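Enquirer: For reference, the file structure18.cif (mmCIF, C-alpha atoms) is included below:
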```cif
data_upload
loop_
_atom_site.label_atom_id
_atom_site.label_comp_id
_atom_site.auth_asym_id
_atom_site.auth_seq_id
_atom_site.Cartn_x
_atom_site.Cartn_y
_atom_site.Cartn_z
CA MET A 1 78.55 125.35 99.51
CA VAL A 2 81.50 123.83 97.64
CA GLU A 3 83.74 126.27 95.77
CA LEU A 4 85.41 125.04 92.59
CA LYS A 5 88.90 126.48 92.20
CA THR A 6 90.38 127.64 88.92
CA ASP A 7 93.59 126.07 87.68
CA THR A 8 95.39 129.30 88.61
CA SER A 9 93.99 129.12 92.14
CA VAL A 10 95.09 125.49 92.45
CA ASP A 11 98.61 126.56 91.47
CA ALA A 12 98.49 129.17 94.23
CA MET A 13 97.31 126.53 96.69
CA HIS A 14 100.22 124.35 95.61
CA ALA A 15 102.59 127.15 96.65
CA ALA A 16 100.94 127.26 100.08
CA GLY A 17 101.05 123.49 100.27
CA GLN A 18 104.77 123.45 99.63
CA VAL A 19 105.31 125.76 102.60
CA VAL A 20 103.43 123.23 104.73
CA ALA A 21 105.52 120.40 103.28
CA ARG A 22 108.76 122.20 104.17
CA ALA A 23 107.53 122.93 107.70
CA LEU A 24 106.64 119.27 108.29
CA THR A 25 109.94 118.09 106.86
CA ALA A 26 111.85 120.49 109.11
CA ALA A 27 109.86 119.50 112.20
CA ARG A 28 110.40 115.81 111.54
CA LYS A 29 114.13 116.36 111.00
CA ALA A 30 114.36 118.26 114.30
CA ALA A 31 112.39 115.66 116.27
CA ASP A 32 114.70 113.59 118.45
CA VAL A 33 114.90 112.22 121.95
CA GLY A 34 115.05 115.18 124.36
CA VAL A 35 113.56 117.74 121.96
CA SER A 36 110.44 119.48 123.24
CA LEU A 37 107.19 119.87 121.33
CA LEU A 38 107.51 123.64 121.74
CA GLU A 39 110.85 123.46 119.96
CA LEU A 40 109.22 121.64 117.04
CA ASP A 41 106.58 124.37 116.91
CA GLU A 42 109.32 127.00 116.71
CA VAL A 43 110.98 125.12 113.84
CA ALA A 44 107.69 125.21 111.90
CA ARG A 45 107.16 128.90 112.75
CA GLU A 46 110.55 129.74 111.26
CA VAL A 47 109.67 128.00 107.98
CA LEU A 48 106.42 129.97 107.77
CA ARG A 49 108.24 133.23 108.56
CA GLU A 50 110.85 132.63 105.87
CA ALA A 51 108.11 131.95 103.31
CA GLY A 52 106.06 135.02 104.27
CA ALA A 53 103.17 132.73 105.20
CA SER A 54 100.81 132.84 108.16
CA SER A 55 99.34 130.00 110.21
CA PRO A 56 95.65 129.09 110.04
CA PHE A 57 96.14 127.14 113.30
CA LEU A 58 97.50 129.98 115.45
CA GLY A 59 94.57 131.69 117.19
CA TYR A 60 92.01 129.37 115.60
CA ARG A 61 88.99 128.89 117.86
CA PRO A 62 86.10 126.72 116.61
CA SER A 63 82.90 126.48 118.61
CA PHE A 64 84.06 123.50 120.69
CA ALA A 65 87.32 125.08 121.82
CA PRO A 66 87.59 126.79 125.24
CA THR A 67 90.60 128.86 124.10
CA PRO A 68 92.24 129.86 120.80
CA PHE A 69 94.84 127.37 119.58
CA PRO A 70 98.26 128.66 120.72
CA ALA A 71 100.62 127.15 118.12
CA VAL A 72 101.28 126.67 114.40
CA ILE A 73 101.40 122.87 114.65
CA CYS A 74 99.34 120.23 116.36
CA ALA A 75 101.71 117.82 118.09
CA SER A 76 100.03 114.58 119.19
CA VAL A 77 102.11 111.96 121.00
CA ASN A 78 101.36 108.26 121.54
CA ASP A 79 97.68 107.98 122.63
CA ALA A 80 96.85 111.49 121.37
CA ILE A 81 94.98 111.20 118.08
CA VAL A 82 94.81 114.82 116.86
CA HIS A 83 94.82 118.47 118.02
CA GLY A 84 97.63 118.05 120.54
CA ILE A 85 98.92 121.39 121.87
CA PRO A 86 102.73 121.71 121.80
CA THR A 87 104.09 121.82 125.34
CA ARG A 88 107.43 121.53 127.15
CA TYR A 89 107.10 117.74 126.92
CA ARG A 90 110.42 116.32 125.70
CA LEU A 91 110.30 113.42 123.28
CA ARG A 92 111.29 110.02 124.63
CA ASP A 93 112.78 106.97 122.99
CA GLY A 94 110.02 105.09 121.17
CA ASP A 95 107.45 107.89 121.09
CA LEU A 96 104.95 107.93 118.21
CA VAL A 97 104.43 111.52 117.04
CA SER A 98 101.83 113.03 114.74
CA ILE A 99 102.42 116.58 113.48
CA ASP A 100 99.68 118.53 111.70
CA CYS A 101 100.53 121.87 110.10
CA GLY A 102 98.88 124.49 107.92
CA ALA A 103 99.93 127.62 106.07
CA VAL A 104 98.23 130.52 104.35
CA LEU A 105 100.16 132.12 101.49
CA ASP A 106 98.74 134.89 99.30
CA GLY A 107 95.28 134.15 100.67
CA TRP A 108 95.27 130.39 100.01
CA ALA A 109 95.57 127.61 102.58
CA GLY A 110 97.39 124.28 102.72
CA ASP A 111 97.05 121.55 105.35
CA SER A 112 98.97 118.32 105.89
CA ALA A 113 100.00 115.87 108.61
CA ILE A 114 102.59 113.15 109.19
CA SER A 115 103.20 110.45 111.79
CA PHE A 116 106.63 109.07 112.72
CA THR A 117 108.55 107.49 115.56
CA VAL A 118 111.44 108.87 117.61
CA GLY A 119 114.40 106.73 118.63
CA ARG A 120 113.93 102.96 118.56
CA PRO A 121 110.54 102.26 116.94
CA ARG A 122 108.04 99.66 118.05
CA PRO A 123 107.13 97.32 115.17
CA ALA A 124 103.44 97.83 116.00
CA ASP A 125 103.86 101.60 115.61
CA LEU A 126 105.55 101.20 112.24
CA ASN A 127 102.67 99.01 111.09
CA LEU A 128 100.14 101.58 112.31
CA ILE A 129 101.92 104.40 110.48
CA ASP A 130 102.29 102.33 107.31
CA THR A 131 98.57 101.54 107.38
CA ALA A 132 97.73 105.22 107.82
CA GLU A 133 99.86 106.07 104.81
CA ARG A 134 98.27 103.29 102.75
CA ALA A 135 94.82 104.54 103.76
CA LEU A 136 95.77 108.05 102.67
CA ALA A 137 97.08 106.75 99.35
CA ALA A 138 93.87 104.79 98.80
CA GLY A 139 91.76 107.86 99.54
CA ILE A 140 93.81 109.95 97.13
CA GLU A 141 93.55 107.28 94.43
CA ALA A 142 89.75 107.46 94.73
CA ALA A 143 89.75 111.26 94.44
CA VAL A 144 88.95 111.39 90.74
CA VAL A 145 86.35 113.13 88.63
CA GLY A 146 83.25 110.94 88.39
CA ASN A 147 83.66 109.38 91.82
CA ARG A 148 81.89 110.61 94.95
CA ILE A 149 82.93 111.57 98.46
CA GLY A 150 81.75 108.14 99.60
CA ASP A 151 84.31 106.49 97.34
CA ILE A 152 87.13 108.31 99.15
CA ALA A 153 85.63 107.45 102.54
CA HIS A 154 85.16 103.81 101.59
CA ALA A 155 88.73 103.47 100.30
CA ILE A 156 90.17 104.88 103.53
CA GLY A 157 87.89 102.88 105.79
CA ARG A 158 88.53 99.60 104.01
CA VAL A 159 92.30 99.86 104.58
CA CYS A 160 91.87 100.81 108.24
CA ARG A 161 89.27 98.16 109.08
CA THR A 162 91.05 95.38 107.21
CA ALA A 163 94.08 96.04 109.40
CA GLY A 164 91.92 95.93 112.53
CA PHE A 165 92.30 99.57 113.51
CA GLY A 166 89.73 101.99 114.89
CA ILE A 167 88.56 105.23 113.26
CA PRO A 168 87.62 108.18 115.51
CA VAL A 169 83.89 108.78 115.23
CA GLY A 170 82.91 112.07 113.61
CA PHE A 171 86.39 113.17 112.51
CA GLY A 172 87.79 113.23 108.99
CA GLY A 173 88.87 115.49 106.16
CA HIS A 174 87.38 118.62 104.68
CA GLY A 175 87.32 121.03 101.81
CA ILE A 176 90.01 123.72 101.80
CA GLY A 177 90.68 126.94 99.90
CA ARG A 178 90.65 130.52 101.12
CA ARG A 179 89.81 129.05 104.52
CA MET A 180 91.36 126.00 106.12
CA HIS A 181 87.98 124.34 106.69
CA GLU A 182 85.43 124.53 103.88
CA ASP A 183 82.70 122.26 102.53
CA PRO A 184 82.49 119.35 101.98
CA ASP A 185 83.23 117.02 104.89
CA VAL A 186 85.33 114.01 103.87
CA PRO A 187 84.63 111.08 106.25
CA ASN A 188 87.16 108.33 106.86
CA GLU A 189 84.55 105.62 106.41
CA GLY A 190 81.52 105.40 104.16
CA ARG A 191 79.65 103.70 101.37
CA PRO A 192 80.96 103.82 97.80
CA GLY A 193 78.90 105.63 95.21
CA ARG A 194 77.30 107.90 97.81
CA GLY A 195 77.71 111.57 98.59
CA LEU A 196 78.76 114.61 96.61
CA PRO A 197 80.11 114.00 93.08
CA LEU A 198 83.79 114.90 92.65
CA ARG A 199 84.41 117.64 90.08
CA HIS A 200 87.43 119.32 88.52
CA GLY A 201 88.47 122.22 90.79
CA MET A 202 87.43 120.71 94.12
CA VAL A 203 90.25 120.76 96.68
CA LEU A 204 90.10 118.42 99.67
CA ALA A 205 92.18 117.78 102.77
CA ILE A 206 92.11 113.99 103.03
CA GLU A 207 93.20 112.79 106.48
CA PRO A 208 92.97 109.26 107.87
CA MET A 209 93.16 108.92 111.67
CA LEU A 210 93.77 105.43 113.07
CA ILE A 211 93.48 103.98 116.58
CA ALA A 212 95.70 100.95 117.21
CA GLY A 213 93.39 99.29 119.75
CA GLY A 214 90.62 98.84 117.19
CA LYS A 215 88.00 100.89 119.02
CA ASP A 216 86.55 104.12 117.63
CA ALA A 217 86.04 105.92 120.95
CA TYR A 218 88.10 108.85 122.19
CA TYR A 219 87.88 111.53 124.86
CA GLU A 220 88.75 115.20 125.04
CA ALA A 221 91.69 116.03 127.30
CA ASP A 222 91.56 118.73 129.95
CA ASP A 223 93.13 121.28 127.59
CA GLY A 224 89.89 121.25 125.57
CA TRP A 225 91.73 120.43 122.35
CA THR A 226 93.62 117.13 122.42
CA LEU A 227 91.66 114.00 121.53
CA ARG A 228 92.98 110.82 123.17
CA THR A 229 92.14 107.15 122.78
CA THR A 230 89.91 105.80 125.53
CA ASP A 231 91.83 102.52 125.73
CA GLY A 232 95.26 104.16 125.89
CA SER A 233 96.36 102.62 122.60
CA ARG A 234 98.42 104.62 120.15
CA ALA A 235 97.15 106.62 117.20
CA ALA A 236 98.43 107.83 113.83
CA HIS A 237 97.32 110.70 111.58
CA THR A 238 98.28 111.44 107.98
CA GLU A 239 96.96 114.13 105.63
CA HIS A 240 97.44 115.75 102.24
CA THR A 241 95.73 118.63 100.48
CA VAL A 242 94.57 117.23 97.13
CA ALA A 243 93.07 118.90 94.06
CA ILE A 244 90.56 117.00 91.92
CA THR A 245 91.49 117.45 88.25
CA GLU A 246 90.47 116.01 84.93
CA THR A 247 93.87 114.31 84.72
CA GLY A 248 93.71 112.79 88.20
CA PRO A 249 94.38 113.81 91.80
CA ARG A 250 97.08 116.44 92.33
CA ILE A 251 98.79 116.38 95.73
CA LEU A 252 99.48 119.99 96.72
CA THR A 253 101.37 119.22 99.93
CA GLU A 254 103.67 116.48 98.64
CA ARG A 255 107.00 116.46 100.46
CA GLN A 256 110.37 116.12 98.77
CA PRO A 257 112.28 112.91 99.59
CA THR A 258 114.84 113.38 102.36
#
```
Write out the structure in this file as structure tokens.

Expert:
Amino acid sequence: MVELKTDTSVDAMHAAGQVVARALTAARKAADVGVSLLELDEVAREVLREAGASSPFLGYRPSFAPTPFPAVICASVNDAIVHGIPTRYRLRDGDLVSIDCGAVLDGWAGDSAISFTVGRPRPADLNLIDTAERALAAGIEAAVVGNRIGDIAHAIGRVCRTAGFGIPVGFGGHGIGRRMHEDPDVPNEGRPGRGLPLRHGMVLAIEPMLIAGGKDAYYEADDGWTLRTTDGSRAAHTEHTVAITETGPRILTERQPT
């Protein structure tokens, strides 16, 4: 069942989304060669603490997970697509990093993700990240009243496939509100004009995931959480929480320029 949010509720979700935006900005600023993923998690925790927000990631345990998630960010490096658990791993020159973060403030959730490189970037990584951001922008542009979920999916998929990148099978965005994961599912590939109609008050987490090698396959790592590319190629992940409004899409997790 899809819950339509009031304008007041969307404003409250924007406040939660801005906490997420600050946490991601702080984590990215702290990321450097020699910094551990656990240290980035602590940076994000401090932002949440200062805002009086809680983490929808910490302790989260969906049906597929062998253990509750132990952190407030997902930190996925190089061939890790999503759901990477922060560890003592220290970032190396040229690493491609994807950070996913959520926050709950006054009962409302926000969810967003970024990908970036550390140290000297590989041109191929920059292209992958740029394509992920363009796919996200295309999905957001399609998130308007009168369109359908399939229009968002098609917009994302077209950018990814045109660039020759893979899309992890079965993973995509979702509705969000009082809970981090709500109806509807938002695929990263689909047919335009199909699926649920978009209405004022729907709030969606739109999140392209790209595999550089062009294949869609992945495998689950031994930790039961991290998804990795089967061909060892690198991956990128971007995400925004977006409200559907009569005046166009409203990005609730937009980050301030640094």

Enquirer: Within 8 Å of (94.7, 101.4, 123.4), in the coordinates the file gives, what residues turn up when you count only C-alpha atoms, written out as a list in words?

Expert: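 Residues with an atom at most 8 Å from (94.7, 101.4, 123.4): Asp79, Ile211, Ala212, Gly213, Gly214, Thr229, Thr230, Asp231, Gly232, Ser233 and Arg234 of chain A.
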
Enquirer: Can you work out which one of A:Leu252, A:Ala16, A:Val145, A:Met1 has the shortest atom-to-atom distance to Ser55 (chain A), counting all atoms listed in the file?

Expert: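 The shortest atom-to-atom distance to Ser55 (chain A) comes from A:Ala16.
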
Enquirer: Would you mind listing what lies within 12 Å of Asp222 (chain A) as a count of residues only, with all atoms listed in the file counted and same-chain residues fewer than 4 positions away left out?

Expert: 8

Enquirer: Which residues, named as in the file, does the PyMOL selection byres ((chain A and resi 205) around 10) pick out? Answer as number ranges by chain.

Expert: A: 110-113, 140, 172-177, 180-182, 184-186, 203-204, 206-208, 239-243, 251-253

Enquirer: Run the PyMOL selection byres ((chain A and resi 19-22) around 6) mentally over the shown coordinates, then write out the matched residues as number ranges by chain, using the chain letters and numbers from the document.

Expert: A: 16-18, 23-25, 102-103, 253, 255

Enquirer: Quick one: of A:Val2, A:Met209, A:Ile114, A:Ala26, who's nearest to Ile156 (chain A), counting all atoms listed in the file?

Expert: A:Met209

Enquirer: Just the residues within 9 Å of Asp106 (chain A), please, counting all atoms listed in the file, with nothing from its chain fewer than 2 positions along; format it as an mmCIF file with C-alpha atoms, in the frame of the given file.

Expert:
```cif
data_model
loop_
_atom_site.group_PDB
_atom_site.id
_atom_site.type_symbol
_atom_site.label_atom_id
_atom_site.label_comp_id
_atom_site.auth_asym_id
_atom_site.auth_seq_id
_atom_site.Cartn_x
_atom_site.Cartn_y
_atom_site.Cartn_z
ATOM 1 C CA ALA A 12 98.490 129.170 94.230
ATOM 2 C CA MET A 13 97.310 126.530 96.690
ATOM 3 C CA ALA A 16 100.940 127.260 100.080
ATOM 4 C CA GLY A 52 106.060 135.020 104.270
ATOM 5 C CA ALA A 53 103.170 132.730 105.200
ATOM 6 C CA VAL A 104 98.230 130.520 104.350
ATOM 7 C CA TRP A 108 95.270 130.390 100.010
ATOM 8 C CA ALA A 109 95.570 127.610 102.580
#
```
